[in-house]
>>> print(open('coords25.json').read())   # JSON, C-alpha atoms and all ligand atoms
[["chain", "number", "residue", "atom", "x", "y", "z"],
["A", 130, "MET", "CA", 104.95, 92.46, 104.31],
["A", 131, "ASN", "CA", 107.62, 95.08, 104.92],
["A", 132, "ALA", "CA", 105.95, 98.33, 105.82],
["A", 133, "HIS", "CA", 109.04, 99.68, 107.64],
["A", 134, "LEU", "CA", 107.13, 102.43, 109.37],
["A", 135, "VAL", "CA", 109.12, 102.49, 112.61],
["A", 136, "GLU", "CA", 112.80, 101.62, 112.94],
["A", 137, "SER", "CA", 113.75, 99.00, 115.52],
["A", 138, "THR", "CA", 117.03, 100.58, 116.62],
["A", 139, "ARG", "CA", 115.46, 103.90, 117.64],
["A", 140, "VAL", "CA", 115.38, 103.05, 121.35],
["A", 141, "LEU", "CA", 118.92, 101.78, 122.01],
["A", 142, "PRO", "CA", 120.13, 103.07, 125.40],
["A", 143, "ASN", "CA", 122.65, 105.93, 125.09],
["A", 144, "GLU", "CA", 125.04, 104.18, 127.45],
["A", 145, "LEU", "CA", 125.93, 101.57, 124.82],
["A", 146, "GLU", "CA", 129.32, 102.19, 123.29],
["A", 147, "PHE", "CA", 129.98, 101.67, 119.60],
["A", 148, "VAL", "CA", 132.32, 98.84, 118.71],
["A", 149, "VAL", "CA", 134.15, 99.51, 115.47],
["A", 150, "PHE", "CA", 136.51, 97.58, 113.28],
["A", 151, "SER", "CA", 140.20, 98.29, 113.63],
["A", 152, "ALA", "CA", 143.21, 96.79, 111.91],
["A", 153, "ALA", "CA", 145.21, 96.85, 115.15],
["A", 154, "PRO", "CA", 145.08, 93.74, 117.33],
["A", 155, "GLU", "CA", 143.86, 94.33, 120.84],
["A", 156, "ILE", "CA", 146.40, 92.40, 122.85],
["A", 157, "ASN", "CA", 146.73, 94.46, 126.00],
["A", 158, "PRO", "CA", 144.06, 93.31, 128.49],
["A", 159, "SER", "CA", 144.70, 96.37, 130.70],
["A", 160, "LYS", "CA", 143.14, 98.51, 127.99],
["A", 161, "GLN", "CA", 139.83, 96.70, 128.37],
["A", 162, "SER", "CA", 138.12, 99.46, 130.34],
["A", 163, "GLY", "CA", 138.17, 101.69, 127.30],
["A", 164, "HIS", "CA", 137.22, 98.86, 124.97],
["A", 165, "LYS", "CA", 136.37, 100.34, 121.60],
["A", 166, "LEU", "CA", 137.63, 97.73, 119.17],
["A", 167, "MET", "CA", 136.01, 94.66, 117.79],
["A", 168, "PRO", "CA", 137.63, 91.61, 119.35],
["A", 169, "MET", "CA", 140.12, 90.17, 116.93],
["A", 170, "THR", "CA", 143.19, 88.02, 116.84],
["A", 171, "ILE", "CA", 146.26, 88.11, 114.64],
["A", 172, "ASN", "CA", 148.11, 84.81, 114.34],
["A", 173, "GLY", "CA", 145.79, 83.53, 117.03],
["A", 174, "ILE", "CA", 146.74, 86.14, 119.62],
["A", 175, "GLY", "CA", 144.29, 88.82, 120.68],
["A", 176, "THR", "CA", 140.85, 88.95, 122.17],
["A", 177, "THR", "CA", 137.77, 87.02, 121.23],
["A", 178, "TYR", "CA", 134.12, 86.57, 122.14],
["A", 179, "PHE", "CA", 133.36, 83.04, 123.24],
["A", 180, "GLY", "CA", 129.89, 81.52, 123.62],
["A", 181, "ARG", "CA", 126.42, 82.99, 123.13],
["A", 182, "LYS", "CA", 123.53, 83.11, 125.58],
["A", 183, "ASN", "CA", 120.07, 84.71, 125.57],
["A", 184, "ILE", "CA", 120.14, 85.23, 121.84],
["A", 185, "ARG", "CA", 117.55, 87.54, 120.26],
["A", 186, "GLU", "CA", 117.40, 87.80, 116.46],
["A", 187, "TYR", "CA", 115.32, 90.42, 114.67],
["A", 188, "VAL", "CA", 115.16, 92.46, 111.52],
["A", 189, "GLY", "CA", 116.29, 96.06, 111.49],
["A", 190, "MET", "CA", 118.56, 98.70, 110.06],
["A", 191, "CYS", "CA", 122.28, 98.49, 110.92],
["A", 192, "GLU", "CA", 123.29, 101.92, 112.22],
["A", 193, "GLN", "CA", 126.81, 101.36, 110.90],
["A", 194, "CYS", "CA", 126.45, 100.09, 107.32],
["A", 195, "GLN", "CA", 122.76, 101.12, 106.92],
["A", 196, "SER", "CA", 121.84, 97.74, 105.46],
["A", 197, "HIS", "CA", 118.44, 96.34, 106.35],
["A", 198, "GLY", "CA", 118.78, 92.79, 107.60],
["A", 199, "LYS", "CA", 119.27, 90.43, 110.51],
["A", 200, "LEU", "CA", 120.47, 91.89, 113.82],
["A", 201, "THR", "CA", 121.42, 89.81, 116.86],
["A", 202, "ASP", "CA", 121.67, 90.58, 120.58],
["A", 203, "TYR", "CA", 123.40, 88.11, 122.91],
["A", 204, "GLU", "CA", 125.50, 87.67, 126.04],
["A", 205, "THR", "CA", 129.04, 86.48, 125.57],
["A", 206, "GLY", "CA", 132.34, 85.98, 127.35],
["A", 207, "HIS", "CA", 135.20, 88.27, 126.34],
["A", 208, "PHE", "CA", 138.58, 86.53, 126.46],
["A", 209, "PHE", "CA", 142.23, 87.16, 125.82],
["A", 210, "SER", "CA", 143.21, 84.31, 123.54],
["A", 211, "ILE", "CA", 146.39, 82.59, 122.42],
["A", 212, "ILE", "CA", 146.46, 80.37, 119.34],
["A", 213, "PHE", "CA", 142.71, 80.93, 119.00],
["A", 214, "ILE", "CA", 142.04, 79.39, 122.43],
["A", 215, "PRO", "CA", 140.33, 81.70, 124.94],
["A", 216, "VAL", "CA", 142.60, 81.68, 128.01],
["A", 217, "ILE", "CA", 142.12, 84.78, 130.18],
["A", 218, "PRO", "CA", 138.50, 85.78, 130.87],
["A", 219, "LEU", "CA", 137.97, 89.52, 130.57],
["A", 220, "GLY", "CA", 134.38, 89.50, 131.80],
["A", 221, "ARG", "CA", 130.98, 88.88, 130.30],
["A", 222, "ARG", "CA", 129.57, 91.35, 127.82],
["A", 223, "GLN", "CA", 126.20, 92.14, 126.32],
["A", 224, "ILE", "CA", 126.28, 92.47, 122.55],
["A", 225, "VAL", "CA", 123.54, 94.54, 120.94],
["A", 226, "ALA", "CA", 122.42, 94.78, 117.31],
["A", 227, "GLU", "CA", 125.25, 92.77, 115.76],
["A", 228, "CYS", "CA", 124.77, 93.20, 112.03],
["A", 229, "ALA", "CA", 124.79, 90.02, 109.92],
["A", 230, "ALA", "CA", 126.33, 91.95, 107.01],
["A", 231, "CYS", "CA", 129.18, 93.94, 108.61],
["A", 232, "LYS", "CA", 129.40, 92.26, 112.06],
["A", 233, "ARG", "CA", 129.58, 95.62, 113.81],
["A", 234, "HIS", "CA", 127.56, 96.01, 116.98],
["A", 235, "ARG", "CA", 127.30, 97.78, 120.32],
["A", 236, "ALA", "CA", 128.58, 96.27, 123.55],
["A", 237, "MET", "CA", 128.78, 96.88, 127.29],
["A", 238, "PRO", "CA", 129.79, 94.86, 130.36],
["A", 239, "LEU", "CA", 126.98, 92.43, 131.20],
["A", 240, "LYS", "CA", 126.67, 93.64, 134.84],
["A", 241, "GLN", "CA", 126.16, 97.19, 133.66],
["A", 242, "TRP", "CA", 123.62, 96.01, 131.09],
["A", 243, "GLN", "CA", 121.66, 94.11, 133.76],
["A", 244, "THR", "CA", 121.62, 97.15, 136.03],
["A", 245, "LEU", "CA", 120.47, 99.33, 133.15],
["A", 246, "ARG", "CA", 117.74, 96.80, 132.31],
["A", 247, "GLU", "CA", 116.43, 96.76, 135.87],
["A", 248, "GLU", "CA", 116.44, 100.56, 136.15],
["A", 249, "THR", "CA", 114.82, 101.12, 132.75],
["A", 250, "LEU", "CA", 112.06, 98.54, 133.18],
["A", 251, "ASN", "CA", 111.26, 99.52, 136.78],
["A", 252, "ALA", "CA", 111.05, 103.17, 135.79],
["A", 253, "GLY", "CA", 108.88, 102.27, 132.78],
["A", 254, "LEU", "CA", 106.49, 100.19, 134.91],
["A", 255, "ALA", "CA", 106.19, 102.90, 137.56],
["A", 256, "ASP", "CA", 105.63, 105.53, 134.86],
["A", 257, "LEU", "CA", 102.91, 103.46, 133.22],
["A", 258, "GLY", "CA", 101.30, 102.74, 136.61],
["A", 259, "GLU", "CA", 100.85, 106.48, 137.16],
["A", 260, "ASN", "CA", 99.65, 107.10, 133.59],
["A", 261, "MET", "CA", 97.41, 104.16, 132.78],
["A", 262, "GLU", "CA", 95.68, 106.05, 129.94],
["A", 263, "ASN", "CA", 98.91, 107.15, 128.25],
["A", 264, "ALA", "CA", 99.56, 105.06, 125.14],
["A", 265, "GLU", "CA", 103.04, 106.57, 124.60],
["A", 266, "LYS", "CA", 104.21, 105.25, 128.00],
["A", 267, "ALA", "CA", 102.86, 101.79, 127.23],
["A", 268, "LEU", "CA", 104.49, 101.70, 123.78],
["A", 269, "LYS", "CA", 107.82, 102.90, 125.20],
["A", 270, "LEU", "CA", 107.72, 100.12, 127.79],
["A", 271, "ILE", "CA", 106.99, 97.53, 125.07],
["A", 272, "TYR", "CA", 110.04, 98.72, 123.10],
["A", 273, "ASP", "CA", 112.22, 98.81, 126.25],
["A", 274, "MET", "CA", 111.14, 95.28, 127.19],
["A", 275, "THR", "CA", 112.05, 94.19, 123.67],
["A", 276, "VAL", "CA", 115.50, 95.81, 123.72],
["A", 277, "PHE", "CA", 116.17, 94.08, 127.04],
["A", 278, "ASN", "CA", 114.89, 90.74, 125.74],
["A", 279, "GLN", "CA", 111.84, 90.49, 128.04],
["A", 280, "LEU", "CA", 109.73, 89.27, 125.16],
["A", 281, "ALA", "CA", 107.00, 87.42, 127.10],
["A", 282, "GLU", "CA", 106.25, 90.59, 129.09],
["A", 283, "ALA", "CA", 106.42, 92.74, 125.96],
["A", 284, "ASN", "CA", 103.91, 90.44, 124.25],
["A", 285, "GLU", "CA", 101.49, 90.54, 127.17],
["A", 286, "LEU", "CA", 101.59, 94.32, 127.25],
["A", 287, "ALA", "CA", 101.13, 94.49, 123.47],
["A", 288, "VAL", "CA", 97.97, 92.37, 123.68],
["A", 289, "VAL", "CA", 96.53, 94.66, 126.39],
["A", 290, "CYS", "CA", 97.46, 97.76, 124.36],
["A", 291, "ALA", "CA", 95.92, 96.44, 121.15],
["A", 292, "LYS", "CA", 92.60, 96.11, 122.99],
["A", 293, "GLN", "CA", 92.77, 99.30, 125.04],
["A", 294, "TYR", "CA", 93.73, 101.51, 122.07],
["A", 295, "GLU", "CA", 91.84, 99.77, 119.25],
["A", 296, "ASN", "CA", 90.45, 103.14, 118.11],
["A", 297, "ASP", "CA", 93.79, 104.96, 118.14],
["A", 298, "PHE", "CA", 95.36, 105.13, 114.68],
["A", 299, "ASP", "CA", 98.92, 105.92, 115.86],
["A", 300, "VAL", "CA", 98.93, 103.11, 118.40],
["A", 301, "MET", "CA", 97.72, 100.61, 115.80],
["A", 302, "ILE", "CA", 100.52, 101.67, 113.42],
["A", 303, "GLN", "CA", 103.19, 101.49, 116.14],
["A", 304, "LEU", "CA", 101.97, 98.13, 117.43],
["A", 305, "GLY", "CA", 101.71, 96.76, 113.90],
["A", 306, "SER", "CA", 105.28, 97.83, 113.21],
["A", 307, "TRP", "CA", 106.43, 96.26, 116.45],
["A", 308, "TYR", "CA", 104.68, 92.97, 115.61],
["A", 309, "GLU", "CA", 106.24, 93.14, 112.15],
["A", 310, "GLN", "CA", 109.72, 93.40, 113.67],
["A", 311, "MET", "CA", 108.87, 90.45, 115.91],
["A", 312, "GLY", "CA", 107.92, 88.41, 112.82],
["A", 313, "LYS", "CA", 104.27, 87.99, 113.96],
["A", 314, "GLU", "CA", 102.33, 88.19, 110.73],
["A", 315, "VAL", "CA", 98.80, 87.60, 112.02],
["A", 316, "GLU", "CA", 99.05, 90.32, 114.68],
["A", 317, "THR", "CA", 100.79, 92.68, 112.24],
["A", 318, "GLU", "CA", 97.95, 92.23, 109.80],
["A", 319, "LYS", "CA", 95.32, 92.81, 112.51],
["A", 320, "CYS", "CA", 96.84, 96.08, 113.74],
["A", 321, "PHE", "CA", 97.45, 97.45, 110.25],
["A", 322, "SER", "CA", 93.93, 96.51, 109.08],
["A", 323, "ARG", "CA", 92.47, 98.27, 112.09],
["A", 324, "ALA", "CA", 94.56, 101.40, 111.34],
["A", 325, "ILE", "CA", 93.29, 101.39, 107.75],
["A", 326, "GLU", "CA", 89.68, 101.14, 109.02],
["A", 327, "ILE", "CA", 90.22, 104.13, 111.31],
["A", 328, "ASP", "CA", 91.90, 106.41, 108.75],
["A", 329, "PRO", "CA", 92.07, 104.95, 105.22],
["A", 330, "LYS", "CA", 93.42, 108.16, 103.65],
["A", 331, "HIS", "CA", 96.39, 108.53, 106.01],
["A", 332, "PRO", "CA", 99.75, 108.13, 104.15],
["A", 333, "HIS", "CA", 100.68, 105.17, 106.40],
["A", 334, "SER", "CA", 97.40, 103.45, 105.46],
["A", 335, "GLN", "CA", 97.97, 104.14, 101.77],
["A", 336, "ARG", "CA", 101.50, 102.73, 102.03],
["A", 337, "ILE", "CA", 100.37, 99.57, 103.81],
["A", 338, "GLN", "CA", 97.64, 98.95, 101.23],
["A", 339, "ALA", "CA", 100.05, 99.59, 98.37],
["A", 340, "ILE", "CA", 102.49, 97.01, 99.77],
["A", 341, "GLN", "CA", 99.66, 94.52, 100.37],
["A", 342, "ALA", "CA", 98.55, 94.93, 96.73],
["A", 343, "ILE", "CA", 102.13, 94.53, 95.45],
["A", 344, "ASP", "CA", 102.62, 91.44, 97.65],
["A", 345, "SER", "CA", 99.50, 89.87, 96.16],
["A", 346, "GLN", "CA", 100.65, 90.69, 92.60],
["A", 347, "LYS", "CA", 98.00, 93.33, 91.96],
["A", 348, "PRO", "CA", 100.08, 96.26, 90.70],
["A", 349, "GLN", "CA", 97.06, 98.00, 89.13],
["A", 350, "LEU", "CA", 95.41, 98.12, 92.55],
["A", 351, "ALA", "CA", 98.68, 99.30, 94.15],
["A", 352, "ALA", "CA", 98.77, 102.19, 91.66],
["A", 353, "GLN", "CA", 95.62, 103.69, 93.23],
["A", 354, "PHE", "CA", 97.23, 103.85, 96.67],
["A", 355, "LEU", "CA", 100.56, 105.13, 95.34],
["A", 356, "ASP", "CA", 99.03, 108.15, 93.61],
["A", 357, "SER", "CA", 99.22, 110.30, 96.74],
["A", 358, "MET", "CA", 102.88, 109.30, 97.27],
["A", 359, "ARG", "CA", 104.34, 110.40, 93.94],
["A", 360, "PRO", "CA", 107.52, 112.56, 93.76],
["A", 361, "GLY", "CA", 106.85, 115.94, 95.32],
["A", 362, "SER", "CA", 104.88, 114.41, 98.18],
["A", 363, "SER", "CA", 106.58, 114.14, 101.57],
["A", 364, "ALA", "CA", 105.58, 110.46, 101.64],
["A", 365, "TYR", "CA", 107.60, 109.68, 98.47],
["A", 366, "ASP", "CA", 109.91, 106.69, 98.93],
["A", 367, "PRO", "CA", 111.84, 105.41, 95.89],
["A", 368, "SER", "CA", 112.22, 101.91, 97.35],
["A", 369, "LEU", "CA", 108.43, 101.55, 97.38],
["A", 370, "PHE", "CA", 108.19, 102.64, 93.73],
["A", 371, "LEU", "CA", 110.97, 100.21, 92.81],
["A", 372, "LEU", "CA", 108.87, 97.39, 94.30],
["A", 373, "PHE", "CA", 105.92, 98.71, 92.30],
["A", 374, "ALA", "CA", 107.84, 98.95, 89.02],
["A", 375, "ASN", "CA", 109.14, 95.39, 89.45],
["A", 376, "ALA", "CA", 105.60, 94.17, 90.15],
["A", 377, "LEU", "CA", 104.41, 95.84, 86.92],
["A", 378, "GLN", "CA", 107.20, 94.12, 85.01],
["A", 379, "GLU", "CA", 106.33, 90.74, 86.52],
["A", 380, "ALA", "CA", 102.70, 91.27, 85.42],
["A", 381, "ASP", "CA", 103.95, 91.89, 81.84],
["A", 382, "LEU", "CA", 102.92, 95.55, 82.05],
["A", 383, "HIS", "CA", 106.19, 96.66, 80.47],
["A", 384, "GLU", "CA", 105.13, 100.06, 79.20],
["A", 385, "GLN", "CA", 104.00, 101.12, 82.66],
["A", 386, "ALA", "CA", 107.05, 99.50, 84.25],
["A", 387, "LEU", "CA", 109.34, 101.54, 81.99],
["A", 388, "GLN", "CA", 107.53, 104.77, 82.92],
["A", 389, "GLU", "CA", 108.19, 103.98, 86.57],
["A", 390, "TYR", "CA", 111.84, 103.02, 85.93],
["A", 391, "GLN", "CA", 112.33, 106.31, 84.06],
["A", 392, "GLN", "CA", 110.89, 108.25, 87.00],
["A", 393, "LEU", "CA", 113.12, 106.31, 89.42],
["A", 394, "ILE", "CA", 116.29, 107.17, 87.47],
["A", 395, "LYS", "CA", 115.27, 110.82, 87.68],
["A", 396, "GLN", "CA", 114.57, 110.68, 91.43],
["A", 397, "ALA", "CA", 117.39, 108.32, 92.46],
["A", 398, "PRO", "CA", 120.15, 108.52, 89.77],
["A", 399, "GLU", "CA", 122.37, 106.05, 91.69],
["A", 400, "LEU", "CA", 119.95, 103.31, 90.58],
["A", 401, "GLY", "CA", 121.28, 103.73, 87.03],
["A", 402, "ALA", "CA", 124.52, 102.08, 88.16],
["A", 403, "ASP", "CA", 122.85, 99.16, 89.92],
["A", 404, "LYS", "CA", 123.34, 95.86, 88.07],
["A", 405, "VAL", "CA", 120.00, 94.31, 89.05],
["A", 406, "PHE", "CA", 118.13, 97.51, 88.17],
["A", 407, "ARG", "CA", 119.87, 97.76, 84.77],
["A", 408, "LYS", "CA", 118.96, 94.16, 83.98],
["A", 409, "ARG", "CA", 115.31, 94.86, 84.79],
["A", 410, "VAL", "CA", 115.20, 97.97, 82.59],
["A", 411, "LYS", "CA", 116.93, 96.21, 79.69],
["A", 412, "LEU", "CA", 114.45, 93.33, 79.84],
["A", 413, "SER", "CA", 111.38, 95.58, 79.57],
["A", 414, "GLU", "CA", 113.06, 97.72, 76.88],
["A", 415, "LYS", "CA", 113.79, 94.60, 74.85],
["A", 416, "ILE", "CA", 110.21, 93.33, 75.10],
["A", 417, "GLN", "CA", 108.85, 96.78, 74.20],
["A", 418, "GLY", "CA", 111.35, 97.16, 71.35],
["A", 419, "THR", "CA", 112.63, 100.48, 72.71],
["A", 420, "PRO", "CA", 115.26, 101.80, 70.23],
["A", 421, "VAL", "CA", 117.29, 103.91, 72.71],
["A", 422, "THR", "CA", 117.85, 102.84, 76.29],
["A", 423, "MET", "CA", 117.04, 105.16, 79.20],
["A", 424, "LEU", "CA", 120.04, 103.80, 81.10],
["A", 425, "PRO", "CA", 123.17, 105.93, 81.54],
["A", 426, "LYS", "CA", 126.33, 104.45, 79.99],
["A", 427, "ALA", "CA", 127.68, 101.70, 82.28],
["A", 428, "GLY", "CA", 131.25, 102.91, 81.72],
["A", 429, "LEU", "CA", 130.54, 106.10, 83.63],
["A", 430, "PHE", "CA", 130.30, 104.03, 86.76],
["A", 431, "GLY", "CA", 133.27, 101.78, 86.05],
["A", 501, "ZN", "ZN", 126.10, 96.52, 109.27]]
>>> encode(input="coords25.json", output="structure tokens")
Amino acid sequence: MNAHLVESTRVLPNELEFVVFSAAPEINPSKQSGHKLMPMTINGIGTTYFGRKNIREYVGMCEQCQSHGKLTDYETGHFFSIIFIPVIPLGRRQIVAECAACKRHRAMPLKQWQTLREETLNAGLADLGENMENAEKALKLIYDMTVFNQLAEANELAVVCAKQYENDFDVMIQLGSWYEQMGKEVETEKCFSRAIEIDPKHPHSQRIQAIQAIDSQKPQLAAQFLDSMRPGSSAYDPSLFLLFANALQEADLHEQALQEYQQLIKQAPELGADKVFRKRVKLSEKIQGTPVTMLPKAGLFG
């Protein structure tokens, strides 16, 4: 299930610098202090990352290219290299949220990262110790522990939280989202089900149930939950309705699918240029025998 209620990159420490692509090779090691470029070599000369330790892979939104996919954190050595061979060590670095699609990421010297980790987690623990009944403090510490790859501790705290705040809707949603990012399906399901029990009419609950119904190929059931999320509502999300429309199509409910596709083109006109979307619409139009397509001319978009 992909409820996507809370984004994983929301808690990245401010101290992390952006690393961006540049066409210029970074061949002057003295410039390392102001390191802003992605390591790269030209004809084998430049800088490179070498080796990976303490790898953490997770799903999230890349803050650079906005694609939703695999992100990776890891420790690495930064080297000045000649003929692709790392020769001069420039110090170890912590890489954060390296995007599988565009390779961009954040980075900082490993020592600095370790200091930041110690400070953040100690402060979080002390803060929670003084506010044992404060769910926000506990959730923040879980996210901080996750960012700093202390996953065993984060898990322990999550288990305690799930019990302590089992009647708190917001905590169940936040914990469920966290478990979802960690790829723990059983726990995700538990937290979300509990949230739905507490407040079934809440937009988050409706969204979760809609996605569950779509996932189990019951688009008619999903339709009931989506009613409160139609265009005009603040909970409207075209990507959710695209999932729904595709589910209708796969259940051979082409007339309904076409109604949803039509609405999507109105709400998100850029979809009209998307190849996969166009193929879907054409298929249902063909089966329905629609004389005139709803799709804009392809030529308009090149
Ligand atoms: Zn990216």
>>> closest_residue(input="coords25.json", among="A:Gly258, A:Gly220, A:Gly189, A:Gly206", to="ligand ZN 501 (chain A)", atoms="only C-alpha atoms and all ligand atoms")
A:Gly189
>>> residues_around(input="coords25.json", residues="segment 389-405 of chain A", least_positions_apart="3", cutoff="7 Å", atoms="all atoms listed in the file", output="MDAnalysis selection string")
chainID A and resid 367 374 385:386 408:410 423:425 427 430
>>> closest_atom_pairs(input="coords25.json", of="chain A", to="ligand ZN 501 (chain A)", cutoff="12 Å", atoms="all atoms listed in the file", output="JSON lines")
{"residue": "A:Val148", "atom": "CA", "partner": "A:ZN501", "partner_atom": "ZN", "distance": 11.5}
{"residue": "A:Val149", "atom": "CA", "partner": "A:ZN501", "partner_atom": "ZN", "distance": 10.6}
{"residue": "A:Phe150", "atom": "CA", "partner": "A:ZN501", "partner_atom": "ZN", "distance": 11.2}
{"residue": "A:Val188", "atom": "CA", "partner": "A:ZN501", "partner_atom": "ZN", "distance": 11.9}
{"residue": "A:Gly189", "atom": "CA", "partner": "A:ZN501", "partner_atom": "ZN", "distance": 10.1}
{"residue": "A:Met190", "atom": "CA", "partner": "A:ZN501", "partner_atom": "ZN", "distance": 7.9}
{"residue": "A:Cys191", "atom": "CA", "partner": "A:ZN501", "partner_atom": "ZN", "distance": 4.6}
{"residue": "A:Glu192", "atom": "CA", "partner": "A:ZN501", "partner_atom": "ZN", "distance": 6.8}
{"residue": "A:Gln193", "atom": "CA", "partner": "A:ZN501", "partner_atom": "ZN", "distance": 5.2}
{"residue": "A:Cys194", "atom": "CA", "partner": "A:ZN501", "partner_atom": "ZN", "distance": 4.1}
{"residue": "A:Gln195", "atom": "CA", "partner": "A:ZN501", "partner_atom": "ZN", "distance": 6.2}
{"residue": "A:Ser196", "atom": "CA", "partner": "A:ZN501", "partner_atom": "ZN", "distance": 5.8}
{"residue": "A:His197", "atom": "CA", "partner": "A:ZN501", "partner_atom": "ZN", "distance": 8.2}
{"residue": "A:Gly198", "atom": "CA", "partner": "A:ZN501", "partner_atom": "ZN", "distance": 8.4}
{"residue": "A:Lys199", "atom": "CA", "partner": "A:ZN501", "partner_atom": "ZN", "distance": 9.2}
{"residue": "A:Leu200", "atom": "CA", "partner": "A:ZN501", "partner_atom": "ZN", "distance": 8.6}
{"residue": "A:Thr201", "atom": "CA", "partner": "A:ZN501", "partner_atom": "ZN", "distance": 11.2}
{"residue": "A:Ala226", "atom": "CA", "partner": "A:ZN501", "partner_atom": "ZN", "distance": 9.0}
{"residue": "A:Glu227", "atom": "CA", "partner": "A:ZN501", "partner_atom": "ZN", "distance": 7.5}
{"residue": "A:Cys228", "atom": "CA", "partner": "A:ZN501", "partner_atom": "ZN", "distance": 4.5}
{"residue": "A:Ala229", "atom": "CA", "partner": "A:ZN501", "partner_atom": "ZN", "distance": 6.7}
{"residue": "A:Ala230", "atom": "CA", "partner": "A:ZN501", "partner_atom": "ZN", "distance": 5.1}
{"residue": "A:Cys231", "atom": "CA", "partner": "A:ZN501", "partner_atom": "ZN", "distance": 4.1}
{"residue": "A:Lys232", "atom": "CA", "partner": "A:ZN501", "partner_atom": "ZN", "distance": 6.1}
{"residue": "A:Arg233", "atom": "CA", "partner": "A:ZN501", "partner_atom": "ZN", "distance": 5.8}
{"residue": "A:His234", "atom": "CA", "partner": "A:ZN501", "partner_atom": "ZN", "distance": 7.9}
{"residue": "A:Arg235", "atom": "CA", "partner": "A:ZN501", "partner_atom": "ZN", "distance": 11.2}
>>> write_last_selection(input="coords25.json", atoms="C-alpha atoms", output="tab-separated table (two decimals), keeping the file's coordinate frame")
chain	number	residue	atom	x	y	z
A	148	VAL	CA	132.32	98.84	118.71
A	149	VAL	CA	134.15	99.51	115.47
A	150	PHE	CA	136.51	97.58	113.28
A	188	VAL	CA	115.16	92.46	111.52
A	189	GLY	CA	116.29	96.06	111.49
A	190	MET	CA	118.56	98.70	110.06
A	191	CYS	CA	122.28	98.49	110.92
A	192	GLU	CA	123.29	101.92	112.22
A	193	GLN	CA	126.81	101.36	110.90
A	194	CYS	CA	126.45	100.09	107.32
A	195	GLN	CA	122.76	101.12	106.92
A	196	SER	CA	121.84	97.74	105.46
A	197	HIS	CA	118.44	96.34	106.35
A	198	GLY	CA	118.78	92.79	107.60
A	199	LYS	CA	119.27	90.43	110.51
A	200	LEU	CA	120.47	91.89	113.82
A	201	THR	CA	121.42	89.81	116.86
A	226	ALA	CA	122.42	94.78	117.31
A	227	GLU	CA	125.25	92.77	115.76
A	228	CYS	CA	124.77	93.20	112.03
A	229	ALA	CA	124.79	90.02	109.92
A	230	ALA	CA	126.33	91.95	107.01
A	231	CYS	CA	129.18	93.94	108.61
A	232	LYS	CA	129.40	92.26	112.06
A	233	ARG	CA	129.58	95.62	113.81
A	234	HIS	CA	127.56	96.01	116.98
A	235	ARG	CA	127.30	97.78	120.32
>>> closest_atom_pairs(input="coords25.json", of="segment 162-261 of chain A", to="segment 278-289 of chain A", cutoff="10 Å", atoms="all atoms listed in the file", output="tab-separated table")
residue	atom	partner	partner_atom	distance
A:Asn183	CA	A:Asn278	CA	8.0
A:Ile184	CA	A:Asn278	CA	8.6
A:Arg185	CA	A:Asn278	CA	6.9
A:Asp202	CA	A:Asn278	CA	8.5
A:Tyr203	CA	A:Asn278	CA	9.3
A:Arg246	CA	A:Asn278	CA	9.4
A:Leu250	CA	A:Gln279	CA	9.6
>>> residues_around(input="coords25.json", residues="Asp356 of chain A", least_positions_apart="2", cutoff="12 Å", atoms="all atoms listed in the file", output="PyMOL selection string")
chain A and resi 330+332+335-336+339+349-354+358-362+364-365+370+373
>>> atom_distance(input="coords25.json", atom1="atom CA of Ile171 of chain A", atom2="atom CA of Val225 of chain A")
24.4 Å
>>> closest_residue(input="coords25.json", among="A:Phe277, A:Gln341, A:Glu265, A:Leu219", to="Glu247 of chain A", atoms="all atoms listed in the file")
A:Phe277
>>> closest_residue(input="coords25.json", among="A:Ala236, A:Leu369, A:Leu268, A:Val276", to="Thr249 of chain A", atoms="all atoms listed in the file")
A:Val276
>>> atom_distance(input="coords25.json", atom1="atom CA of Phe208 of chain A", atom2="atom CA of Tyr187 of chain A")
26.4 Å
>>> atom_distance(input="coords25.json", atom1="atom CA of Trp307 of chain A", atom2="atom CA of Leu239 of chain A")
25.6 Å
>>> residues_around(input="coords25.json", residues="Glu379 of chain A", least_positions_apart="3", cutoff="12 Å", atoms="all atoms listed in the file", output="list in words")
Ile343, Asp344, Ser345, Gln346, Lys347, Pro348, Leu372, Phe373, Ala374, Asn375, Ala376, Leu382, His383, Glu384, Gln385, Ala386, Arg409, Leu412 and Ser413 of chain A
>>> closest_residue(input="coords25.json", among="A:Tyr178, A:Gln310, A:Asn263, A:Leu270", to="Tyr294 of chain A", atoms="only C-alpha atoms")
A:Asn263
>>> closest_residue(input="coords25.json", among="A:Glu186, A:Cys320, A:Gly173, A:Arg222", to="Ser306 of chain A", atoms="all atoms listed in the file")
A:Cys320
>>> residues_around(input="coords25.json", residues="segment 212-217 of chain A", least_positions_apart="2", cutoff="9 Å", atoms="all atoms listed in the file", output="ChimeraX atom specification")
/A:158,170,172-179,207-210,219
